[in-house]
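entry.txt, holding compact mmCIF, C-alpha atoms and all ligand atoms:
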# COMPACT_ATOMS: atom_id res chain seq x y z
CA MET F 1 -28.65 -21.73 -21.70
CA ARG F 2 -28.45 -19.05 -19.03
CA LEU F 3 -26.55 -15.80 -19.41
CA SER F 4 -25.91 -12.89 -17.09
CA ILE F 5 -24.96 -9.77 -19.00
CA TYR F 6 -23.68 -6.36 -17.88
CA ARG F 7 -26.15 -3.69 -18.94
CA PHE F 8 -25.63 0.03 -18.93
CA ASN F 9 -27.56 2.64 -20.86
CA PRO F 10 -25.91 6.05 -20.44
CA GLU F 11 -29.18 7.80 -21.32
CA SER F 12 -31.35 6.23 -18.62
CA ASP F 13 -29.12 4.42 -16.09
CA LEU F 14 -27.19 5.93 -13.24
CA LYS F 15 -25.51 2.63 -12.48
CA PRO F 16 -24.86 -0.55 -14.47
CA HIS F 17 -26.67 -3.78 -13.55
CA MET F 18 -26.50 -7.44 -14.50
CA GLN F 19 -29.41 -8.80 -16.52
CA ASP F 20 -30.27 -12.51 -16.71
CA TYR F 21 -31.30 -14.16 -19.96
CA GLU F 22 -32.61 -17.59 -20.89
CA LEU F 23 -31.83 -18.68 -24.39
CA ALA F 24 -32.38 -21.85 -26.38
CA PRO F 25 -29.48 -22.04 -28.84
CA GLU F 26 -30.20 -23.60 -32.23
CA ALA F 27 -28.18 -26.45 -33.69
CA ASP F 28 -25.84 -24.24 -35.70
CA ASP F 29 -25.09 -21.85 -32.84
CA LYS F 30 -21.51 -22.91 -32.21
CA LYS F 31 -19.84 -19.84 -30.74
CA LEU F 32 -20.75 -17.38 -28.05
CA LEU F 33 -21.22 -14.68 -30.70
CA ASP F 34 -23.93 -16.83 -32.36
CA ALA F 35 -25.79 -16.88 -29.05
CA LEU F 36 -25.40 -13.12 -28.64
CA MET F 37 -26.73 -12.52 -32.15
CA ARG F 38 -29.73 -14.70 -31.35
CA LEU F 39 -30.23 -12.86 -28.09
CA LYS F 40 -30.26 -9.60 -30.02
CA THR F 41 -33.27 -10.80 -32.01
CA ILE F 42 -35.07 -11.19 -28.66
CA ASP F 43 -33.80 -8.03 -26.96
CA ASP F 44 -32.63 -5.52 -29.53
CA SER F 45 -31.52 -3.07 -26.84
CA LEU F 46 -28.52 -5.30 -26.03
CA SER F 47 -25.40 -3.64 -27.45
CA PHE F 48 -22.07 -5.16 -28.42
CA ARG F 49 -19.57 -4.79 -31.24
CA ARG F 50 -18.85 -7.41 -33.84
CA SER F 51 -17.93 -7.49 -37.47
CA CYS F 52 -15.98 -10.34 -39.04
CA ARG F 53 -17.42 -13.08 -36.75
CA GLU F 54 -14.25 -15.16 -37.25
CA GLY F 55 -11.45 -13.72 -35.11
CA VAL F 56 -10.02 -11.26 -37.64
CA CYS F 57 -11.38 -7.82 -36.81
CA GLY F 58 -10.91 -7.84 -33.06
CA SER F 59 -14.11 -5.97 -32.31
CA ASP F 60 -16.02 -8.44 -30.10
CA ALA F 61 -13.53 -8.66 -27.25
CA MET F 62 -15.29 -8.94 -23.90
CA ASN F 63 -14.89 -10.44 -20.46
CA ILE F 64 -16.37 -13.95 -20.57
CA ASN F 65 -16.76 -15.70 -17.21
CA GLY F 66 -13.98 -13.54 -15.80
CA ARG F 67 -11.58 -13.97 -18.69
CA ASN F 68 -11.07 -11.73 -21.71
CA GLY F 69 -11.74 -13.28 -25.09
CA LEU F 70 -13.40 -12.91 -28.46
CA ALA F 71 -17.04 -14.01 -28.44
CA CYS F 72 -16.69 -15.28 -32.01
CA LEU F 73 -13.84 -17.63 -31.07
CA THR F 74 -15.36 -18.88 -27.81
CA PRO F 75 -17.18 -22.21 -28.25
CA LEU F 76 -20.56 -22.41 -26.53
CA ALA F 77 -19.82 -25.98 -25.56
CA GLY F 78 -18.01 -26.08 -22.25
CA LEU F 79 -18.97 -22.59 -21.09
CA LYS F 80 -19.92 -22.60 -17.42
CA GLU F 81 -23.47 -21.31 -16.83
CA PRO F 82 -24.71 -18.78 -16.26
CA VAL F 83 -22.29 -17.28 -18.76
CA VAL F 84 -21.27 -13.96 -17.22
CA LEU F 85 -20.47 -11.30 -19.82
CA ARG F 86 -18.93 -7.97 -18.91
CA PRO F 87 -17.23 -5.23 -20.93
CA LEU F 88 -13.41 -5.25 -21.09
CA PRO F 89 -12.09 -4.45 -17.59
CA GLY F 90 -10.28 -1.15 -17.13
CA PHE F 91 -11.86 0.52 -20.15
CA PRO F 92 -14.55 3.22 -19.92
CA VAL F 93 -17.95 1.73 -20.76
CA ILE F 94 -19.98 3.46 -23.46
CA ARG F 95 -22.97 1.14 -23.37
CA ASP F 96 -23.49 -2.51 -22.31
CA LEU F 97 -20.51 -4.46 -23.67
CA ILE F 98 -19.17 -1.57 -25.76
CA VAL F 99 -16.10 0.19 -24.38
CA ASP F 100 -14.26 3.35 -25.34
CA MET F 101 -11.03 2.38 -27.11
CA THR F 102 -9.78 5.95 -27.68
CA GLN F 103 -6.89 5.71 -25.24
CA PHE F 104 -5.95 2.22 -26.40
CA PHE F 105 -5.58 3.43 -29.99
CA ALA F 106 -3.80 6.61 -28.89
CA HIS F 107 -1.12 4.37 -27.33
CA TYR F 108 -1.01 2.34 -30.51
CA HIS F 109 -0.47 5.46 -32.64
CA SER F 110 2.17 6.77 -30.24
CA ILE F 111 4.58 3.97 -31.18
CA LYS F 112 4.38 4.97 -34.88
CA PRO F 113 2.89 1.74 -36.18
CA TYR F 114 4.23 2.08 -39.70
CA LEU F 115 7.47 1.45 -41.52
CA ILE F 116 9.96 4.30 -41.27
CA ASN F 117 12.75 4.28 -43.83
CA ASP F 118 14.31 7.45 -45.20
CA THR F 119 16.47 5.83 -47.85
CA ALA F 120 15.32 6.12 -51.44
CA PRO F 121 12.77 3.41 -52.18
CA PRO F 122 13.92 0.75 -54.64
CA GLU F 123 12.09 0.46 -57.92
CA ARG F 124 9.82 -2.38 -56.86
CA GLU F 125 9.91 -3.22 -53.16
CA ARG F 126 12.15 -3.47 -50.12
CA LEU F 127 13.18 -7.10 -50.01
CA GLN F 128 13.61 -9.26 -46.93
CA SER F 129 15.38 -12.58 -46.59
CA PRO F 130 13.20 -15.45 -45.36
CA ALA F 131 15.04 -15.24 -42.02
CA GLU F 132 14.25 -11.54 -41.68
CA ARG F 133 10.62 -12.15 -42.56
CA GLU F 134 10.50 -14.97 -40.04
CA LYS F 135 11.17 -12.47 -37.22
CA LEU F 136 7.79 -10.83 -37.80
CA ASN F 137 5.90 -14.03 -37.09
CA GLY F 138 4.07 -13.90 -33.79
CA LEU F 139 3.92 -10.10 -34.05
CA TYR F 140 2.14 -9.08 -37.24
CA GLU F 141 -0.88 -11.29 -36.46
CA CYS F 142 -2.13 -8.98 -33.69
CA ILE F 143 -5.69 -7.82 -34.42
CA LEU F 144 -5.71 -5.07 -31.74
CA CYS F 145 -8.63 -6.61 -29.89
CA ALA F 146 -7.29 -5.24 -26.56
CA CYS F 147 -7.94 -8.50 -24.67
CA CYS F 148 -4.35 -8.29 -23.42
CA SER F 149 -4.16 -4.63 -22.36
CA SER F 150 -7.52 -4.90 -20.65
CA PHE F 151 -6.26 -7.90 -18.64
CA CYS F 152 -3.00 -6.24 -17.58
CA PRO F 153 -2.89 -4.92 -13.98
CA SER F 154 -0.19 -2.42 -14.92
CA PHE F 155 -2.52 -1.04 -17.57
CA TRP F 156 -5.33 -0.73 -15.02
CA TRP F 157 -3.16 1.41 -12.72
CA ASN F 158 -1.66 3.67 -15.40
CA PRO F 159 -3.86 3.43 -18.50
CA ASP F 160 -2.91 6.95 -19.56
CA LYS F 161 0.87 6.44 -19.41
CA PHE F 162 1.69 2.74 -19.82
CA ILE F 163 1.52 1.79 -23.50
CA GLY F 164 0.24 -1.66 -22.60
CA PRO F 165 0.97 -5.09 -24.06
CA ALA F 166 -0.84 -4.56 -27.38
CA GLY F 167 0.99 -1.32 -28.19
CA LEU F 168 4.32 -2.75 -27.05
CA LEU F 169 3.89 -5.88 -29.15
CA GLN F 170 3.25 -3.61 -32.13
CA ALA F 171 6.28 -1.49 -31.20
CA TYR F 172 8.45 -4.58 -31.25
CA ARG F 173 6.99 -5.60 -34.59
CA PHE F 174 8.55 -2.48 -36.13
CA ILE F 175 11.74 -2.65 -34.07
CA SER F 176 12.41 -6.12 -35.44
CA ASP F 177 11.53 -5.25 -39.04
CA SER F 178 14.73 -5.32 -41.13
CA ARG F 179 13.29 -2.65 -43.46
CA ASP F 180 12.73 -0.12 -40.68
CA THR F 181 15.55 2.33 -39.99
CA ALA F 182 14.12 4.13 -36.96
CA THR F 183 15.05 1.46 -34.39
CA ALA F 184 17.14 3.83 -32.26
CA GLU F 185 14.37 6.45 -32.09
CA ARG F 186 11.78 3.81 -31.31
CA LEU F 187 13.88 2.43 -28.46
CA ALA F 188 14.59 5.91 -27.13
CA TYR F 189 10.86 6.60 -27.04
CA LEU F 190 10.19 3.40 -25.10
CA ASP F 191 12.99 3.93 -22.55
CA ASP F 192 10.62 5.45 -20.07
CA VAL F 193 9.57 4.47 -16.60
CA TYR F 194 5.90 4.51 -17.65
CA ARG F 195 5.68 3.66 -21.34
CA LEU F 196 7.58 0.37 -21.15
CA PHE F 197 8.79 -0.17 -17.62
CA ARG F 198 5.42 -0.39 -15.90
CA CYS F 199 5.32 -3.95 -17.22
CA ARG F 200 6.02 -6.36 -14.34
CA THR F 201 6.07 -9.55 -16.38
CA ILE F 202 2.79 -10.66 -14.82
CA MET F 203 2.11 -12.31 -18.19
CA ASN F 204 -1.67 -12.01 -18.10
CA CYS F 205 -1.35 -10.62 -21.62
CA THR F 206 0.24 -13.76 -23.04
CA GLU F 207 -2.12 -15.95 -21.07
CA VAL F 208 -5.20 -14.30 -22.52
CA CYS F 209 -4.35 -13.39 -26.14
CA PRO F 210 -6.99 -15.08 -28.32
CA LYS F 211 -4.54 -15.17 -31.22
CA GLY F 212 -1.95 -17.06 -29.19
CA LEU F 213 0.59 -14.23 -29.32
CA SER F 214 3.01 -13.34 -26.55
CA PRO F 215 3.23 -9.61 -25.77
CA SER F 216 5.28 -10.33 -22.64
CA HIS F 217 7.91 -12.04 -24.77
CA ALA F 218 7.99 -9.04 -27.14
CA ILE F 219 8.38 -6.73 -24.13
CA GLU F 220 11.30 -8.82 -22.90
CA ARG F 221 12.92 -8.50 -26.33
CA ILE F 222 12.49 -4.72 -26.26
CA ARG F 223 14.26 -4.62 -22.89
CA GLN F 224 17.08 -6.73 -24.26
CA ALA F 225 17.35 -4.46 -27.30
CA LEU F 226 17.53 -1.46 -24.96
CA VAL F 227 20.36 -3.05 -22.97
CA ARG F 228 22.23 -3.83 -26.19
CA GLU F 229 21.62 -0.32 -27.50
CA SER F 230 23.03 1.37 -24.41
CA SER F 231 26.04 -0.91 -23.85
CA MET S 232 17.49 12.25 -12.99
CA ARG S 233 18.01 9.96 -15.99
CA LEU S 234 19.71 7.60 -13.55
CA PHE S 235 16.46 6.36 -12.09
CA LEU S 236 14.29 6.59 -15.16
CA GLY S 237 13.20 3.67 -17.26
CA GLN S 238 15.83 1.23 -18.22
CA ARG S 239 18.62 2.14 -15.85
CA ALA S 240 16.53 1.63 -12.74
CA TRP S 241 15.43 -1.69 -14.15
CA VAL S 242 19.03 -2.76 -14.81
CA LEU S 243 20.14 -1.56 -11.36
CA GLN S 244 17.30 -3.50 -9.76
CA ARG S 245 18.54 -6.68 -11.42
CA LEU S 246 22.22 -6.05 -10.71
CA THR S 247 21.59 -5.36 -7.02
CA ALA S 248 19.44 -8.50 -6.86
CA LEU S 249 22.34 -10.52 -8.25
CA VAL S 250 24.76 -9.04 -5.70
CA GLN S 251 22.29 -9.77 -2.91
CA LEU S 252 21.84 -13.32 -4.09
CA PHE S 253 25.59 -13.85 -4.22
CA LEU S 254 26.13 -12.39 -0.73
CA LEU S 255 23.29 -14.41 0.75
CA ALA S 256 24.72 -17.58 -0.78
CA LEU S 257 28.16 -16.64 0.60
CA GLY S 258 26.65 -16.06 4.04
CA ALA S 259 24.75 -19.33 3.94
CA ALA S 260 27.87 -21.19 2.85
CA THR S 261 29.87 -19.64 5.71
CA LEU S 262 27.22 -20.69 8.20
CA LEU S 263 27.18 -24.24 6.86
CA ILE S 264 30.90 -24.81 6.46
CA ALA S 265 32.23 -23.08 9.56
CA PRO S 266 29.35 -22.05 11.81
CA PRO S 267 30.55 -19.17 14.02
CA LEU S 268 28.83 -20.39 17.14
CA ALA S 269 30.54 -18.15 19.64
CA TYR S 270 30.19 -14.37 19.87
CA GLU S 271 33.93 -13.88 19.37
CA ARG S 272 33.81 -15.76 16.08
CA TRP S 273 30.86 -13.62 14.86
CA TYR S 274 32.70 -10.51 15.88
CA ALA S 275 35.94 -11.49 14.17
CA LEU S 276 34.08 -12.40 10.99
CA ALA S 277 32.17 -9.13 10.85
CA THR S 278 35.14 -6.94 11.62
CA SER S 279 37.65 -8.51 9.26
CA THR S 280 38.30 -6.21 6.32
CA HIS S 281 36.47 -8.55 3.95
CA GLY S 282 33.57 -8.99 6.31
CA ALA S 283 33.16 -5.27 6.88
CA VAL S 284 33.26 -4.41 3.18
CA LEU S 285 30.78 -7.16 2.33
CA ILE S 286 28.41 -6.05 5.06
CA VAL S 287 28.47 -2.47 3.79
CA VAL S 288 27.95 -3.68 0.20
CA PHE S 289 25.09 -5.87 1.39
CA PHE S 290 23.25 -3.02 3.06
CA ALA S 291 23.96 -0.55 0.26
CA THR S 292 22.62 -2.86 -2.47
CA LEU S 293 19.71 -3.79 -0.21
CA ALA S 294 18.79 -0.13 0.19
CA LEU S 295 19.09 0.62 -3.53
CA HIS S 296 17.12 -2.48 -4.49
CA GLY S 297 14.47 -1.73 -1.90
CA TRP S 298 14.14 1.88 -2.95
CA ILE S 299 13.66 0.99 -6.62
CA GLY S 300 11.03 -1.54 -5.58
CA VAL S 301 9.18 1.01 -3.46
CA ARG S 302 9.46 3.51 -6.31
CA ASP S 303 7.82 0.98 -8.63
CA ILE S 304 4.99 0.41 -6.19
CA ALA S 305 4.55 4.17 -5.75
CA LEU S 306 4.45 4.71 -9.53
CA ASP S 307 1.74 2.06 -9.75
CA TYR S 308 -0.49 2.93 -6.84
CA VAL S 309 0.40 6.31 -5.33
CA HIS S 310 -0.73 8.84 -7.90
CA PRO S 311 -1.01 12.23 -6.14
CA PRO S 312 2.40 13.87 -6.79
CA PHE S 313 2.86 15.22 -3.27
CA LEU S 314 2.01 11.92 -1.59
CA ARG S 315 4.29 10.08 -3.98
CA LEU S 316 7.17 12.44 -3.27
CA ALA S 317 6.55 12.03 0.46
CA VAL S 318 6.57 8.22 0.30
CA LEU S 319 9.73 8.14 -1.81
CA THR S 320 11.49 10.67 0.39
CA VAL S 321 10.59 9.00 3.69
CA VAL S 322 11.56 5.54 2.47
CA GLY S 323 14.70 6.96 0.86
CA VAL S 324 15.78 8.72 4.03
CA ILE S 325 15.16 5.63 6.18
CA LEU S 326 17.11 3.36 3.82
CA PHE S 327 19.91 5.91 3.52
CA ALA S 328 20.08 6.27 7.31
CA ILE S 329 20.40 2.51 7.70
CA VAL S 330 23.33 2.42 5.28
CA ILE S 331 25.01 5.39 6.97
CA ARG S 332 24.54 3.74 10.34
CA VAL S 333 26.23 0.55 9.07
CA VAL S 334 29.11 2.50 7.51
CA LEU S 335 29.62 4.54 10.69
CA THR S 336 29.58 1.45 12.89
CA MET S 337 32.21 -0.20 10.71
CA ALA S 338 34.28 2.98 10.47
CA ALA S 339 34.16 3.46 14.25
CA HIS S 340 35.43 -0.05 14.72
CA PHE S 341 38.38 0.41 12.36
CA ALA S 342 39.17 3.91 13.62
CA GLY S 343 39.07 2.61 17.19
CA GLY S 344 41.47 -0.13 16.11
CA ALA S 345 39.71 -2.58 18.38
S1 LIG U 401 -1.68 -9.14 -28.70
FE1 LIG U 401 -3.38 -10.56 -28.80
S2 LIG U 401 -4.77 -9.92 -27.17
FE2 LIG U 401 -3.39 -8.23 -27.56
S3 LIG U 401 -4.46 -6.93 -28.98
FE3 LIG U 401 -3.13 -8.29 -30.17
S4 LIG U 401 -4.42 -10.01 -30.70
FE4 LIG U 401 -5.46 -8.92 -29.06
S1 LIG U 402 3.57 -9.09 -18.86
FE1 LIG U 402 3.57 -6.86 -18.71
S2 LIG U 402 2.19 -6.21 -20.29
FE2 LIG U 402 1.77 -8.39 -19.95
S3 LIG U 402 0.10 -8.44 -18.47
FE3 LIG U 402 2.01 -8.46 -17.40
S4 LIG U 402 2.51 -6.38 -16.83
FE4 LIG U 402 0.97 -6.37 -18.44
S1 LIG U 403 -16.23 -10.47 -34.63
FE1 LIG U 403 -14.29 -10.00 -35.50
S2 LIG U 403 -12.93 -10.83 -34.06
FE2 LIG U 403 -14.85 -11.51 -33.31
This entry written out as structure tokens:
Amino acid sequence: MRLSIYRFNPESDLKPHMQDYELAPEADDKKLLDALMRLKTIDDSLSFRRSCREGVCGSDAMNINGRNGLACLTPLAGLKEPVVLRPLPGFPVIRDLIVDMTQFFAHYHSIKPYLINDTAPPERERLQSPAEREKLNGLYECILCACCSSFCPSFWWNPDKFIGPAGLLQAYRFISDSRDTATAERLAYLDDVYRLFRCRTIMNCTEVCPKGLSPSHAIERIRQALVRESS
Amino acid sequence: MRLFLGQRAWVLQRLTALVQLFLLALGAATLLIAPPLAYERWYALATSTHGAVLIVVFFATLALHGWIGVRDIALDYVHPPFLRLAVLTVVGVILFAIVIRVVLTMAAHFAGGA
């Protein structure tokens, strides 16, 4: 198979370039990540992140033939050749396919991604009814791969101020948690022309999420909660 | 300036859109049901109390809706603070002038008692 991969070495390159590769995948190379791992045995200077190799850690997000995805979840079969691999769009490149996620995680931390509840903790645990637990489905599964934020035009224009789909999906995960008591503060933080309202419902985020989640839907629910809160 | 921050601008944008939609539908219905083909009919329609108020409301909501839209575009693409302020001010003044012009025209008509 043929691949064309974005290469950039900050120590020796002034500009990035695309490098072509020919690779003969073996029978048990099923996913794009398998091919990349094999490629690395040929050219060990090629750099990319990966860890779990099964769609759980979120570290091998990249732009595959123009679309963000996880290499480990992308089947080799059916990929148009040459397979063009680039780092996540809109993120600063550190080296080859590795991007700097500092800002992405700063946004994530800004929404306080943990349960806030000032009441005295019960002896064992804070219980939820099945219906309350049900509300977290489609939210808690996010693996913070950044495929969505990196595919969001609003995030490209204001990456320093717009929280982005991943952070907003996480924000809604805690807003809708029955055990969390900081809903009003969370909403007040999000009621901002940049943090939340740069989203234009372009829905690239939902289209591209490799876990099948819908950040744009979560964002819509935050807006509804804000309207309810202020009326 | 809380009025134009975050949520409220977003709500206003939607409310003005709804008003616009309603007025456009009303206008289209008027044209279909009783087309004012002659100038006198147009004139009478526009200068009736209802007509005048609706025309002013139309232009006012149009200006507000347009300004919020331009503001959104400026927040996305126009990053230097001075340039952004300039764009928002120029567009704001133009839209405001249009509304004032419409109000004055209507007021002149009613004051003149034509
Ligand atoms: S919402 Fe989906 S695409 Fe976005 S970070 Fe979470 S798992 Fe990745
Ligand atoms: S729906 Fe909002 S967050 Fe998602 S891609 Fe569009 S602008 Fe970005
Ligand atoms: S390697 Fe962990 S998600 Fe792909």
Neighbouring residues of F:Leu190 were defined as those with any atom within 12 Å, considering all atoms listed in the file; residues of the same chain fewer than 3 positions away were excluded. Please report them as number ranges by chain. F: 107, 110-112, 161-164, 167-169, 171-172, 175, 183-187, 193-199, 219, 222-223, 225-226; S: 236-238
May I have a table of the residues of chain F lying at most 6 Å from ligand LIG 401 (chain U), giving each one's closest pair of atoms and their distance in Å to one decimal, counting all atoms listed in the file, ordered by chain and ascending residue number, as CSV?
residue,atom,partner,partner_atom,distance
F:Cys142,CA,U:LIG401,FE3,3.7
F:Ile143,CA,U:LIG401,S4,4.5
F:Leu144,CA,U:LIG401,S3,3.6
F:Cys145,CA,U:LIG401,FE4,4.0
F:Ala146,CA,U:LIG401,S3,4.1
F:Cys147,CA,U:LIG401,S2,4.3
F:Cys148,CA,U:LIG401,S2,4.1
F:Ala166,CA,U:LIG401,FE2,4.5
F:Cys209,CA,U:LIG401,S2,3.6
F:Pro210,CA,U:LIG401,S2,5.7
F:Lys211,CA,U:LIG401,S4,5.2
F:Leu213,CA,U:LIG401,FE1,5.4
F:Pro215,CA,U:LIG401,S1,5.7
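Atom pair atom CA of S:Ala277 / atom CA of S:Gly300: separated by 27.8 Å.
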Quick check: residues of chain S within 10 Å of chain F, all atoms listed in the file, returned as number ranges by chain. S: 233, 235-242, 303-304, 306-310
Edge lengths and centre in Å to one decimal, as AutoDock Vina command-line options, of the axis-aligned box that encloses all listed atoms of stretch 234-243 of chain S with 8 Å added on every side?
--center_x 16.7 --center_y 2.4 --center_z -14.8 --size_x 22.9 --size_y 26.4 --size_z 22.9
Residues around (-27.2, 0.2, -19.8), cut-off 10 Å, counting all atoms listed in the file - what are they as JSON, numbers by chain? {"F": [6, 7, 8, 9, 10, 11, 12, 13, 14, 15, 16, 17, 18, 19, 45, 46, 47, 93, 94, 95, 96, 97]}
Kindly provide, as a PyMOL selection string, all nucleotide and amino acid residues lying within 10 Å of ligand LIG 403 (chain U), counting only C-alpha atoms and all ligand atoms. chain F and resi 32-33+49-62+69-74+143-145+210-211
Dump of C-alpha atoms for the selected residues, as a compact mmCIF listing (two decimals), in the coordinates of the input:
# COMPACT_ATOMS: atom_id res chain seq x y z
CA LEU F 32 -20.75 -17.38 -28.05
CA LEU F 33 -21.22 -14.68 -30.70
CA ARG F 49 -19.57 -4.79 -31.24
CA ARG F 50 -18.85 -7.41 -33.84
CA SER F 51 -17.93 -7.49 -37.47
CA CYS F 52 -15.98 -10.34 -39.04
CA ARG F 53 -17.42 -13.08 -36.75
CA GLU F 54 -14.25 -15.16 -37.25
CA GLY F 55 -11.45 -13.72 -35.11
CA VAL F 56 -10.02 -11.26 -37.64
CA CYS F 57 -11.38 -7.82 -36.81
CA GLY F 58 -10.91 -7.84 -33.06
CA SER F 59 -14.11 -5.97 -32.31
CA ASP F 60 -16.02 -8.44 -30.10
CA ALA F 61 -13.53 -8.66 -27.25
CA MET F 62 -15.29 -8.94 -23.90
CA GLY F 69 -11.74 -13.28 -25.09
CA LEU F 70 -13.40 -12.91 -28.46
CA ALA F 71 -17.04 -14.01 -28.44
CA CYS F 72 -16.69 -15.28 -32.01
CA LEU F 73 -13.84 -17.63 -31.07
CA THR F 74 -15.36 -18.88 -27.81
CA ILE F 143 -5.69 -7.82 -34.42
CA LEU F 144 -5.71 -5.07 -31.74
CA CYS F 145 -8.63 -6.61 -29.89
CA PRO F 210 -6.99 -15.08 -28.32
CA LYS F 211 -4.54 -15.17 -31.22
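Proximity of F:Leu85, F:Asp177, F:Ala77, F:Thr206 to F:Glu132, computed with all atoms listed in the file, is greatest for F:Asp177.
With distances restricted to all atoms listed in the file, F:Ser150 is the closest residue to F:Asn204 from F:Ser4, F:Thr181, F:Ser176, F:Ser150.
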Pick from F:Phe91, F:Tyr114, F:Phe151, F:Tyr189 nearest to ligand LIG 402 (chain U), counting all atoms listed in the file: F:Phe151
